[in-house]
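So the structure is just underneath, and the comments pick up after that.
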Protein chains: 4
Amino acid sequence: MSNTLRVGLLGAGRIGQVHASTIVYRVPGAQLVAVADVNEAAAQACAAKYHIDASYNDPLAVVNDPNVEAVLICTSTDTHVQLIEAAARAGKHIFCEKPIALNLAEVDRALNAVEQAGVALQIGFNRRFDANFRRVRHAVETGEIGQPHILHIVSRDPAPPPIAYVRVSGGLFLDMAVHDFDMARFLIGSEVDEVMVQAGVRVDPAIGEAGDVDTAVTLLRFANGVIGTIDNSRKAVYGYDQRVEVFGSGGAVQTLNNYPNNTVLSTGQAIQRDLPHSFFMQRYVESYAAEIVAFVEAVVKGTAVPVSGHDGRQAFVIGLAAKLSWAERRPVRVSEVG
Amino acid sequence: MSNTLRVGLLGAGRIGQVHASTIVYRVPGAQLVAVADVNEAAAQACAAKYHIDASYNDPLAVVNDPNVEAVLICTSTDTHVQLIEAAARAGKHIFCEKPIALNLAEVDRALNAVEQAGVALQIGFNRRFDANFRRVRHAVETGEIGQPHILHIVSRDPAPPPIAYVRVSGGLFLDMAVHDFDMARFLIGSEVDEVMVQAGVRVDPAIGEAGDVDTAVTLLRFANGVIGTIDNSRKAVYGYDQRVEVFGSGGAVQTLNNYPNNTVLSTGQAIQRDLPHSFFMQRYVESYAAEIVAFVEAVVKGTAVPVSGHDGRQAFVIGLAAKLSWAERRPVRVSEVG
Amino acid sequence: MSNTLRVGLLGAGRIGQVHASTIVYRVPGAQLVAVADVNEAAAQACAAKYHIDASYNDPLAVVNDPNVEAVLICTSTDTHVQLIEAAARAGKHIFCEKPIALNLAEVDRALNAVEQAGVALQIGFNRRFDANFRRVRHAVETGEIGQPHILHIVSRDPAPPPIAYVRVSGGLFLDMAVHDFDMARFLIGSEVDEVMVQAGVRVDPAIGEAGDVDTAVTLLRFANGVIGTIDNSRKAVYGYDQRVEVFGSGGAVQTLNNYPNNTVLSTGQAIQRDLPHSFFMQRYVESYAAEIVAFVEAVVKGTAVPVSGHDGRQAFVIGLAAKLSWAERRPVRVSEVG
Amino acid sequence: MSNTLRVGLLGAGRIGQVHASTIVYRVPGAQLVAVADVNEAAAQACAAKYHIDASYNDPLAVVNDPNVEAVLICTSTDTHVQLIEAAARAGKHIFCEKPIALNLAEVDRALNAVEQAGVALQIGFNRRFDANFRRVRHAVETGEIGQPHILHIVSRDPAPPPIAYVRVSGGLFLDMAVHDFDMARFLIGSEVDEVMVQAGVRVDPAIGEAGDVDTAVTLLRFANGVIGTIDNSRKAVYGYDQRVEVFGSGGAVQTLNNYPNNTVLSTGQAIQRDLPHSFFMQRYVESYAAEIVAFVEAVVKGTAVPVSGHDGRQAFVIGLAAKLSWAERRPVRVSEVG
């Protein structure tokens, strides 16, 4: 491997462009050499904007471009497994957006292909790279709060996605909460053994008609005895609400939300501040960059990627267990489903 | 009823003296006229300190003192039902510390006696009178946060009680969490339908040997669809941690802890403040006074007391359901047990 | 001196009753044995409410009551000096509300009488006993912030007093800021050498017509080299704003305001909390009790009172210097005026 | 003018590279076409890193490069005036780091040259573009706090610069506080009329030996009657402390510091968070980009630049007045010096 990693981008949509910008402007050790999008004009525009030499309308063309050493898979979910398999066969290292797939057999097929090929696979759980959550993980890891006993995650979106998206997304547990299941494993450093769910449709009846819920609390039991809760809502009117707390034998650590400014206004009515960030692209902008930096560094150095295919699989399996717990109104062992 | 309520105190221990002090110094409309304690010296000392005319070593002597119009039952839990029955028979209004009893049949016997006699019975769920929690209830009640969707209660003690107490207390769910079950009903204004519990012994193995847990998270489903969690630990090294959050369609409301001072120290190591109050007598000092003021006012005006015997029973029944959920590792409908 | 200090109250107005309540309910080592008010009915009502044996319409009657060992002077400012002299002559210990007088010669006359008589004199700078400011003083005293370099005091009232009061009060510097001049000396533990003032009439022109200002910032230089500022306004629409900050070689310490509750409301408009306390009786309720407790303790034990007559004089002299600085638009050495 | 502004960079040091990065990665409407540094290797390295076509060791070569439409002056202060004059003569628009010069006659010479040439000149007061301070300005401008009455600025560095720099920097008032004098004018929207200073050497005697102070508080009176204070220290051990507060007839607005993370740790000792940003490049990273974006936009659109040469001059003049006030221990009218 050269010192500069030659990267190909699959999918020139919103998140694809975020990663393109990171490679071009923030990672001296990588170079974006090819881009593909089924919308050819989008691929060409992206190539022009980021000075990328080659653009294609077929992602496989990038995968098979001999100049490409690693690929960023930012296409729609239904193409992930096929592209992971193709990239693995071609010996390319892989960064893939979450989720790997919405079917466990397909997830396993993809992981198997990666393992056979011996390439690196990193899953896009960007929140692990957020400064707040890294600080919490640091506190747990170094014993600043002693042995962890209880975990709380609050993860509320500012507004629900379009119903059309809800129908194909896998639902709240596999689409939205999957980030939180990964966060739970990341923060506690132990596997989730059992889940119990209470959920409902409180935000929009159309979400219920689409077969999904919009409000859920998941109770977790970890292998190491920690108890956790995850609070999900599709609609927090005050913005994107993303907080965690870990309580342990030696103390507790919790995160506050991030705000566009740190200004407090006192009037005759209230002491107030402006709303927190209302969108994940603002809230997590730095973590999107950091995950790509970490991927390139791991591949170039030949070290383990920080978020493995196994991590992607485990968060997905917890999501399956949560769906089942809600469907059958009972505790579900994670081992039951995966 | 005269304009000044003549009150008798049963039990001159710590909480009894707190209530005595409130009656004497803060309630112009009430007068403390008798006190009893099985420790006669304690009763006499209390009488001397608060200028109380009559002191006895037998609580029933106060109950039957014709000068007494209302009693404050602050004796040990095992005497509550008998004293409630006696006071009811004697036509005396009753303020009783929680819990009414540790056995549902006895609770019902006491409530039945009260109902027959037509006297007032208020249960000592003092936290309902805390300024923070009242503000949260106000936000829910007035629609400041729209329709409530999710509730979180964190209720952690600074240190576990003596093992001897743990053995007779009814355990974490009936002794400690019962305050939180009441708080859940108070804040949401709806009954709890179902509970699921995860719990364990993390603080002290001796608590487990005594047949109890010291760490628990209870997942609640309310009749009105709200989902709730209660986080209990017997030991938070940083002090008494008492917070709630209610999230709804129009916003969220949450409480912070109370501190001995509002001073922030910035050093070369951290930006820090001193620990929050470490004990319930400091944290809830004002709420103990406010509940007695409210009791006297309700009795004098003949209006409903703010925390009824039914409230005491419901919190207890949720506690029984939680114990069962943990014992059998399954969701338990509250209607199953009470 | 007996173990129980027999105290007489001069003036049964608002602050007099606050102190009466403290003596009666919070100070086991003191007893309120006499009260006087030029309004005889007020004296009698106070005596009835607090079970005081003797009531008079003449403060000197209390001063000269042989049963009285110490007096609390809570009468109007123009009577302070005369009552201090009389009490000193009668050998009574004295607690006197601030200010001692509005004329330096009179202040000195009073202090002289006290010194001659060898009685204790404590001045009512209650804010020294506030938990926040005590914590700041502790940080300075113990070196938690190293050597102090800069002090800031913000002291804003929620609303201006009546114009009639403004006219006789001595004005913003001698009436309102005098508390802050004392706080400055207390926190830094050094004398103020020089003051420079910028001030104006921004709140109400009537205050200007009465010869006073309603908005002022005073720049202080202390003997030990610390630089300080005091920010005074007669009207903060969001409530009583009372904060300090000390910055030093090893860090900084600052206080936040005190609030009726610690509840945060998040809506679609803002993240907000209710206004801080809006009145000094709520904000400083505990400090009013603590100063009386400290006075009684010092007198009973024969130790130095925590706020001396000298402290009262120095705060007054700084106020005179500030007035002069503003009148002549120049730096004024405190030694120039006192 | 073309739609894309062709920019030349003078000085490839730290701040020059920050601006280069902004132009290249964040401003679609601008292109970096030339760079000069007296250190030729530095110029070449910068050109290579940012894909700049031309690099020189003589800043005047960039100024006179016909391909260049605007210049960013990031060279040492003593070259600013000469380069501004040259650029103005060449008809190039100018962004110049503060200060323009350390001598008022030279400042005026530069401003005169700009005015004669009719080119744009923006001064690098980047803090005006910080999200916190913009929010405060917005509150003042829109009347959210009514009429402003009092301003406080706290501006403390984490550590003093090298003594060699102190000697040539113009000293605390012209080098460090000049940012705050500009902030004062920006936030209040009125000119400063008079200053009074208290200052001293508390951090390092070597700073005093170099003829400077390291700790200062400046009291300001604005033309519109607002009173202000500026608190400067060369050393805050807990990090870069940058806060402001404006108090007015309708409320107050204040900023808190910015932190690397929003995580709170509770231990048995304290409730704490990590230190705020410790360096201006982290704290103000976004504002450095925003000022360049605003400069390019103003030049391309032909609108007024947001921070004019007059703004640069006024902050400098207030600094001169502050120096004089401290030297002569008296209030100084700004009109006296400029």
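Here's how to read the names in the structure tokens: chain A, B, ... by the order shown, residue numbers from 1 in each chain, ligand numbers from 1 in the order shown.
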
Check every residue of chain A for an atom within 8 Å of chain C, counting only C-alpha atoms, and provide those that qualify as a PDB file with all heavy atoms, in the first residue's frame.
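Result file iface.pdb:
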ATOM      1  N   VAL A 237     -39.853  18.733  19.403  1.00  0.00           N
ATOM      2  CA  VAL A 237     -40.085  20.045  18.768  1.00  0.00           C
ATOM      3  C   VAL A 237     -38.956  21.038  19.006  1.00  0.00           C
ATOM      4  O   VAL A 237     -38.805  22.014  18.272  1.00  0.00           O
ATOM      5  CB  VAL A 237     -41.410  20.686  19.244  1.00  0.00           C
ATOM      6  CG1 VAL A 237     -42.602  19.831  18.847  1.00  0.00           C
ATOM      7  CG2 VAL A 237     -41.372  20.933  20.744  1.00  0.00           C
ATOM      8  N   TYR A 238     -38.151  20.808  20.039  1.00  0.00           N
ATOM      9  CA  TYR A 238     -37.080  21.754  20.373  1.00  0.00           C
ATOM     10  C   TYR A 238     -35.768  21.420  19.677  1.00  0.00           C
ATOM     11  O   TYR A 238     -34.762  22.092  19.889  1.00  0.00           O
ATOM     12  CB  TYR A 238     -36.879  21.806  21.889  1.00  0.00           C
ATOM     13  CG  TYR A 238     -36.751  20.440  22.508  1.00  0.00           C
ATOM     14  CD1 TYR A 238     -35.531  19.796  22.550  1.00  0.00           C
ATOM     15  CD2 TYR A 238     -37.871  19.782  23.009  1.00  0.00           C
ATOM     16  CE1 TYR A 238     -35.411  18.531  23.087  1.00  0.00           C
ATOM     17  CE2 TYR A 238     -37.760  18.512  23.545  1.00  0.00           C
ATOM     18  CZ  TYR A 238     -36.535  17.895  23.583  1.00  0.00           C
ATOM     19  OH  TYR A 238     -36.413  16.632  24.111  1.00  0.00           O
ATOM     20  N   GLY A 239     -35.759  20.368  18.840  1.00  0.00           N
ATOM     21  CA  GLY A 239     -34.531  20.071  18.089  1.00  0.00           C
ATOM     22  C   GLY A 239     -34.052  18.657  18.311  1.00  0.00           C
ATOM     23  O   GLY A 239     -34.745  17.825  18.906  1.00  0.00           O
ATOM     24  N   SER A 266     -31.795  36.718  29.311  1.00  0.00           N
ATOM     25  CA  SER A 266     -32.691  36.876  30.464  1.00  0.00           C
ATOM     26  C   SER A 266     -33.683  37.983  30.166  1.00  0.00           C
ATOM     27  O   SER A 266     -33.275  39.121  29.928  1.00  0.00           O
ATOM     28  CB  SER A 266     -31.879  37.261  31.714  1.00  0.00           C
ATOM     29  OG  SER A 266     -30.900  36.295  32.001  1.00  0.00           O
ATOM     30  N   THR A 267     -34.949  37.650  30.182  1.00  0.00           N
ATOM     31  CA  THR A 267     -35.971  38.673  29.946  1.00  0.00           C
ATOM     32  C   THR A 267     -36.931  38.674  31.131  1.00  0.00           C
ATOM     33  O   THR A 267     -36.748  37.932  32.089  1.00  0.00           O
ATOM     34  CB  THR A 267     -36.763  38.371  28.665  1.00  0.00           C
ATOM     35  OG1 THR A 267     -37.591  37.215  28.913  1.00  0.00           O
ATOM     36  CG2 THR A 267     -35.844  38.073  27.495  1.00  0.00           C
ATOM     37  N   GLY A 268     -37.961  39.489  31.041  1.00  0.00           N
ATOM     38  CA  GLY A 268     -38.960  39.515  32.108  1.00  0.00           C
ATOM     39  C   GLY A 268     -39.762  38.228  32.194  1.00  0.00           C
ATOM     40  O   GLY A 268     -40.482  38.009  33.167  1.00  0.00           O
ATOM     41  N   GLN A 269     -39.610  37.353  31.192  1.00  0.00           N
ATOM     42  CA  GLN A 269     -40.403  36.109  31.178  1.00  0.00           C
ATOM     43  C   GLN A 269     -39.596  34.890  31.614  1.00  0.00           C
ATOM     44  O   GLN A 269     -40.123  34.000  32.270  1.00  0.00           O
ATOM     45  CB  GLN A 269     -40.950  35.829  29.761  1.00  0.00           C
ATOM     46  CG  GLN A 269     -42.180  36.632  29.399  1.00  0.00           C
ATOM     47  CD  GLN A 269     -41.867  38.091  29.220  1.00  0.00           C
ATOM     48  OE1 GLN A 269     -40.970  38.446  28.475  1.00  0.00           O
ATOM     49  NE2 GLN A 269     -42.570  38.952  29.933  1.00  0.00           N
ATOM     50  N   ALA A 270     -38.346  34.794  31.193  1.00  0.00           N
ATOM     51  CA  ALA A 270     -37.594  33.563  31.424  1.00  0.00           C
ATOM     52  C   ALA A 270     -36.101  33.807  31.247  1.00  0.00           C
ATOM     53  O   ALA A 270     -35.684  34.826  30.699  1.00  0.00           O
ATOM     54  CB  ALA A 270     -38.036  32.466  30.450  1.00  0.00           C
ATOM     55  N   ILE A 271     -35.318  32.865  31.730  1.00  0.00           N
ATOM     56  CA  ILE A 271     -33.885  32.799  31.450  1.00  0.00           C
ATOM     57  C   ILE A 271     -33.750  31.728  30.371  1.00  0.00           C
ATOM     58  O   ILE A 271     -34.066  30.568  30.608  1.00  0.00           O
ATOM     59  CB  ILE A 271     -33.092  32.386  32.704  1.00  0.00           C
ATOM     60  CG1 ILE A 271     -33.475  33.261  33.909  1.00  0.00           C
ATOM     61  CG2 ILE A 271     -31.595  32.424  32.429  1.00  0.00           C
ATOM     62  CD1 ILE A 271     -33.259  34.722  33.732  1.00  0.00           C
ATOM     63  N   GLN A 272     -33.294  32.089  29.207  1.00  0.00           N
ATOM     64  CA  GLN A 272     -33.390  31.138  28.107  1.00  0.00           C
ATOM     65  C   GLN A 272     -32.188  31.115  27.196  1.00  0.00           C
ATOM     66  O   GLN A 272     -31.382  32.024  27.177  1.00  0.00           O
ATOM     67  CB  GLN A 272     -34.631  31.465  27.292  1.00  0.00           C
ATOM     68  CG  GLN A 272     -34.560  32.829  26.627  1.00  0.00           C
ATOM     69  CD  GLN A 272     -35.883  33.166  25.953  1.00  0.00           C
ATOM     70  OE1 GLN A 272     -36.882  33.408  26.625  1.00  0.00           O
ATOM     71  NE2 GLN A 272     -35.882  33.161  24.645  1.00  0.00           N
ATOM     72  N   ARG A 273     -32.055  30.014  26.462  1.00  0.00           N
ATOM     73  CA  ARG A 273     -31.080  29.970  25.397  1.00  0.00           C
ATOM     74  C   ARG A 273     -31.762  29.443  24.141  1.00  0.00           C
ATOM     75  O   ARG A 273     -32.843  28.865  24.197  1.00  0.00           O
ATOM     76  CB  ARG A 273     -29.875  29.116  25.779  1.00  0.00           C
ATOM     77  CG  ARG A 273     -30.142  27.695  26.151  1.00  0.00           C
ATOM     78  CD  ARG A 273     -28.857  27.015  26.583  1.00  0.00           C
ATOM     79  NE  ARG A 273     -27.847  27.128  25.548  1.00  0.00           N
ATOM     80  CZ  ARG A 273     -26.588  26.696  25.659  1.00  0.00           C
ATOM     81  NH1 ARG A 273     -26.200  26.123  26.784  1.00  0.00           N
ATOM     82  NH2 ARG A 273     -25.733  26.808  24.679  1.00  0.00           N
ATOM     83  N   ASP A 274     -31.110  29.666  23.020  1.00  0.00           N
ATOM     84  CA  ASP A 274     -31.657  29.214  21.752  1.00  0.00           C
ATOM     85  C   ASP A 274     -31.691  27.692  21.714  1.00  0.00           C
ATOM     86  O   ASP A 274     -31.018  27.008  22.490  1.00  0.00           O
ATOM     87  CB  ASP A 274     -30.794  29.740  20.596  1.00  0.00           C
ATOM     88  CG  ASP A 274     -30.853  31.258  20.494  1.00  0.00           C
ATOM     89  OD1 ASP A 274     -31.752  31.869  21.094  1.00  0.00           O
ATOM     90  OD2 ASP A 274     -29.990  31.834  19.809  1.00  0.00           O
ATOM     91  N   LEU A 275     -32.455  27.150  20.800  1.00  0.00           N
ATOM     92  CA  LEU A 275     -32.599  25.706  20.671  1.00  0.00           C
ATOM     93  C   LEU A 275     -31.271  25.045  20.308  1.00  0.00           C
ATOM     94  O   LEU A 275     -30.416  25.658  19.677  1.00  0.00           O
ATOM     95  CB  LEU A 275     -33.645  25.393  19.600  1.00  0.00           C
ATOM     96  CG  LEU A 275     -35.057  25.906  19.922  1.00  0.00           C
ATOM     97  CD1 LEU A 275     -36.020  25.543  18.800  1.00  0.00           C
ATOM     98  CD2 LEU A 275     -35.550  25.336  21.235  1.00  0.00           C
TER      99      LEU A 275
END

>> Can you pull out every residue from stretch 64-193 of chain D that DSSP, working from the backbone, puts in strand (DSSP E), and format the result as a list in words?
In response: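 The strand (DSSP E) residues within stretch 64-193 of chain D come out as Ala70, Val71, Leu72, Ile73, His93, Ile94, Phe95, Cys96, Leu121, Gln122, Ile123, Pro148, His149, Ile150, Leu151, His152, Ile153, Val154, Ser155, Arg156, Val192 and Asp193 of chain D.
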
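Restricting the calculation to only C-alpha atoms, the smallest distance between A:Val168 and any of A:Leu220, A:Leu10, A:Ala101, A:Leu151 is found for A:Ala101.
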
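All residues within stretch 17-66 of chain D that the backbone DSSP calculation assigns to alpha helix (DSSP H) are Gln17, Val18, His19, Ala20, Ser21, Thr22, Ile23, Val24, Tyr25, Arg26, Glu40, Ala41, Ala42, Ala43, Gln44, Ala45, Cys46, Ala47, Ala48, Lys49, Pro59, Leu60, Ala61, Val62 and Val63 of chain D.
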
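The space between atom CA of C:Pro331 and atom CA of D:Thr218 spans 13.2 Å.
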
All residues 10 Å or closer to A:Arg330, only C-alpha atoms, same chain fewer than 2 positions away omitted, as a CSV table (one decimal) with all heavy atoms, in the first residue's frame:
chain,number,residue,atom,x,y,z
A,195,VAL,N,-33.6,-7.7,25.8
A,195,VAL,CA,-34.3,-6.4,25.6
A,195,VAL,C,-35.8,-6.6,26.0
A,195,VAL,O,-36.4,-7.7,25.8
A,195,VAL,CB,-34.2,-5.9,24.2
A,195,VAL,CG1,-32.7,-5.7,23.8
A,195,VAL,CG2,-34.8,-6.8,23.2
A,196,MET,N,-36.4,-5.5,26.5
A,196,MET,CA,-37.8,-5.4,26.7
A,196,MET,C,-38.2,-4.0,26.1
A,196,MET,O,-37.5,-3.0,26.4
A,196,MET,CB,-38.2,-5.4,28.2
A,196,MET,CG,-37.7,-6.6,29.0
A,196,MET,SD,-38.4,-6.5,30.6
A,196,MET,CE,-37.3,-7.7,31.5
A,197,VAL,N,-39.3,-4.0,25.4
A,197,VAL,CA,-39.7,-2.7,24.8
A,197,VAL,C,-41.1,-2.3,25.2
A,197,VAL,O,-42.0,-3.2,25.3
A,197,VAL,CB,-39.6,-2.9,23.2
A,197,VAL,CG1,-40.3,-1.8,22.5
A,197,VAL,CG2,-38.2,-3.1,22.8
A,198,GLN,N,-41.3,-1.0,25.4
A,198,GLN,CA,-42.6,-0.4,25.4
A,198,GLN,C,-42.6,0.6,24.2
A,198,GLN,O,-41.6,1.4,24.1
A,198,GLN,CB,-42.9,0.3,26.7
A,198,GLN,CG,-43.2,-0.7,27.9
A,198,GLN,CD,-44.6,-1.4,27.8
A,198,GLN,OE1,-45.3,-1.3,26.8
A,198,GLN,NE2,-44.9,-2.1,28.8
A,322,ALA,N,-35.5,-6.2,19.6
A,322,ALA,CA,-36.4,-5.1,20.0
A,322,ALA,C,-37.7,-5.2,19.3
A,322,ALA,O,-38.8,-5.1,19.9
A,322,ALA,CB,-35.7,-3.8,19.9
A,324,LEU,N,-39.1,-7.8,18.0
A,324,LEU,CA,-39.8,-9.0,18.4
A,324,LEU,C,-40.4,-8.7,19.8
A,324,LEU,O,-41.5,-9.1,20.1
A,324,LEU,CB,-38.8,-10.2,18.4
A,324,LEU,CG,-39.4,-11.5,18.7
A,324,LEU,CD1,-40.4,-11.9,17.6
A,324,LEU,CD2,-38.3,-12.6,18.7
A,325,SER,N,-39.6,-8.1,20.7
A,325,SER,CA,-40.1,-7.8,22.0
A,325,SER,C,-41.4,-7.0,21.9
A,325,SER,O,-42.3,-7.2,22.7
A,325,SER,CB,-39.0,-7.1,22.8
A,325,SER,OG,-39.6,-6.7,24.1
A,326,TRP,N,-41.4,-6.0,21.1
A,326,TRP,CA,-42.6,-5.2,20.9
A,326,TRP,C,-43.7,-5.9,20.3
A,326,TRP,O,-44.9,-5.8,20.8
A,326,TRP,CB,-42.2,-3.9,20.1
A,326,TRP,CG,-43.4,-3.1,19.8
A,326,TRP,CD1,-43.8,-2.6,18.6
A,326,TRP,CD2,-44.3,-2.5,20.8
A,326,TRP,NE1,-45.0,-1.9,18.7
A,326,TRP,CE2,-45.3,-1.8,20.0
A,326,TRP,CE3,-44.5,-2.6,22.2
A,326,TRP,CZ2,-46.4,-1.2,20.7
A,326,TRP,CZ3,-45.6,-2.0,22.8
A,326,TRP,CH2,-46.5,-1.3,22.0
A,327,ALA,N,-43.4,-6.7,19.3
A,327,ALA,CA,-44.5,-7.5,18.6
A,327,ALA,C,-45.1,-8.5,19.6
A,327,ALA,O,-46.4,-8.6,19.5
A,327,ALA,CB,-43.9,-8.2,17.4
A,328,GLU,N,-44.3,-9.1,20.4
A,328,GLU,CA,-44.9,-10.1,21.3
A,328,GLU,C,-45.0,-9.7,22.7
A,328,GLU,O,-45.3,-10.5,23.6
A,328,GLU,CB,-44.0,-11.4,21.2
A,328,GLU,CG,-43.8,-11.9,19.7
A,328,GLU,CD,-43.2,-13.2,19.6
A,328,GLU,OE1,-42.7,-13.7,20.6
A,328,GLU,OE2,-43.2,-13.7,18.4
A,332,VAL,N,-37.0,-10.4,25.3
A,332,VAL,CA,-36.4,-11.2,24.2
A,332,VAL,C,-34.9,-11.3,24.5
A,332,VAL,O,-34.3,-10.3,24.6
A,332,VAL,CB,-36.7,-10.7,22.8
A,332,VAL,CG1,-35.9,-11.5,21.8
A,332,VAL,CG2,-38.2,-10.8,22.6
A,333,ARG,N,-34.4,-12.5,24.5
A,333,ARG,CA,-32.9,-12.7,24.6
A,333,ARG,C,-32.4,-12.4,23.2
A,333,ARG,O,-32.9,-12.9,22.2
A,333,ARG,CB,-32.6,-14.1,25.0
A,333,ARG,CG,-33.1,-14.6,26.4
A,333,ARG,CD,-32.5,-13.8,27.5
A,333,ARG,NE,-31.1,-13.9,27.6
A,333,ARG,CZ,-30.4,-14.8,28.3
A,333,ARG,NH1,-31.1,-15.7,29.1
A,333,ARG,NH2,-29.1,-14.9,28.3
B,196,MET,N,-42.1,-3.6,33.9
B,196,MET,CA,-41.1,-4.6,33.5
B,196,MET,C,-39.8,-4.2,34.3
B,196,MET,O,-39.5,-3.0,34.2
B,196,MET,CB,-40.8,-4.6,32.0
B,196,MET,CG,-41.9,-4.9,31.1
B,196,MET,SD,-41.2,-5.1,29.4
B,196,MET,CE,-42.7,-4.9,28.4
B,329,ARG,N,-39.1,-12.4,36.1
B,329,ARG,CA,-38.5,-11.9,34.8
B,329,ARG,C,-39.5,-11.8,33.7
B,329,ARG,O,-39.3,-12.3,32.6
B,329,ARG,CB,-37.3,-12.9,34.4
B,329,ARG,CG,-35.9,-12.6,34.9
B,329,ARG,CD,-35.8,-12.6,36.3
B,329,ARG,NE,-34.4,-12.6,36.8
B,329,ARG,CZ,-34.1,-12.6,38.1
B,329,ARG,NH1,-35.0,-12.5,39.0
B,329,ARG,NH2,-32.8,-12.5,38.4
B,330,ARG,N,-40.6,-11.1,34.0
B,330,ARG,CA,-41.6,-10.9,32.9
B,330,ARG,C,-42.4,-9.7,33.2
B,330,ARG,O,-42.4,-9.1,34.3
B,330,ARG,CB,-42.5,-12.1,32.9
B,330,ARG,CG,-43.4,-12.2,34.2
B,330,ARG,CD,-44.4,-13.3,34.1
B,330,ARG,NE,-45.1,-13.4,35.4
B,330,ARG,CZ,-46.3,-12.8,35.7
B,330,ARG,NH1,-46.8,-11.9,34.8
B,330,ARG,NH2,-46.9,-12.9,36.9
B,331,PRO,N,-43.0,-9.2,32.1
B,331,PRO,CA,-43.9,-8.0,32.3
B,331,PRO,C,-45.1,-8.4,33.2
B,331,PRO,O,-45.6,-9.5,33.1
B,331,PRO,CB,-44.5,-7.7,30.9
B,331,PRO,CG,-43.6,-8.5,29.9
B,331,PRO,CD,-43.0,-9.6,30.7

> If you count only C-alpha atoms, which residues fall within 9 Å of B:Ala216, apart from same-chain ones fewer than 6 positions away, as a list in words?
Replying inline: Ile150 and Ile227 of chain A; Leu172, Phe173, Val197, Gln198, Ala199, Gly200, Val201, Ile230, Asp231, Asn232 and Ser233 of chain B

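With distances taken over only C-alpha atoms, D:Phe247 is the one residue among D:Arg135, D:Cys96, D:Phe247, D:Thr22 lying closest to C:Ser155.
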
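Going from atom CA of D:Ala54 over to atom CA of D:Ala20, you cover 13.5 Å.
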
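For D:Val140, the non-local neighbours within 9 Å, defined as residues at least 3 positions apart in the same chain or in other chains and counting only C-alpha atoms, are Arg135, Val136, Arg137, Gly143, Glu144, Ile145, Gly146, Gln147, Pro148, Leu187, Ile188, Gly189, Val246, Gly248 and Val253 of chain D.
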
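Taking only C-alpha atoms into account, B:Ile84 lies nearest to B:Ala117 out of the set B:Leu102, B:Ala117, B:Val299, B:Val166.
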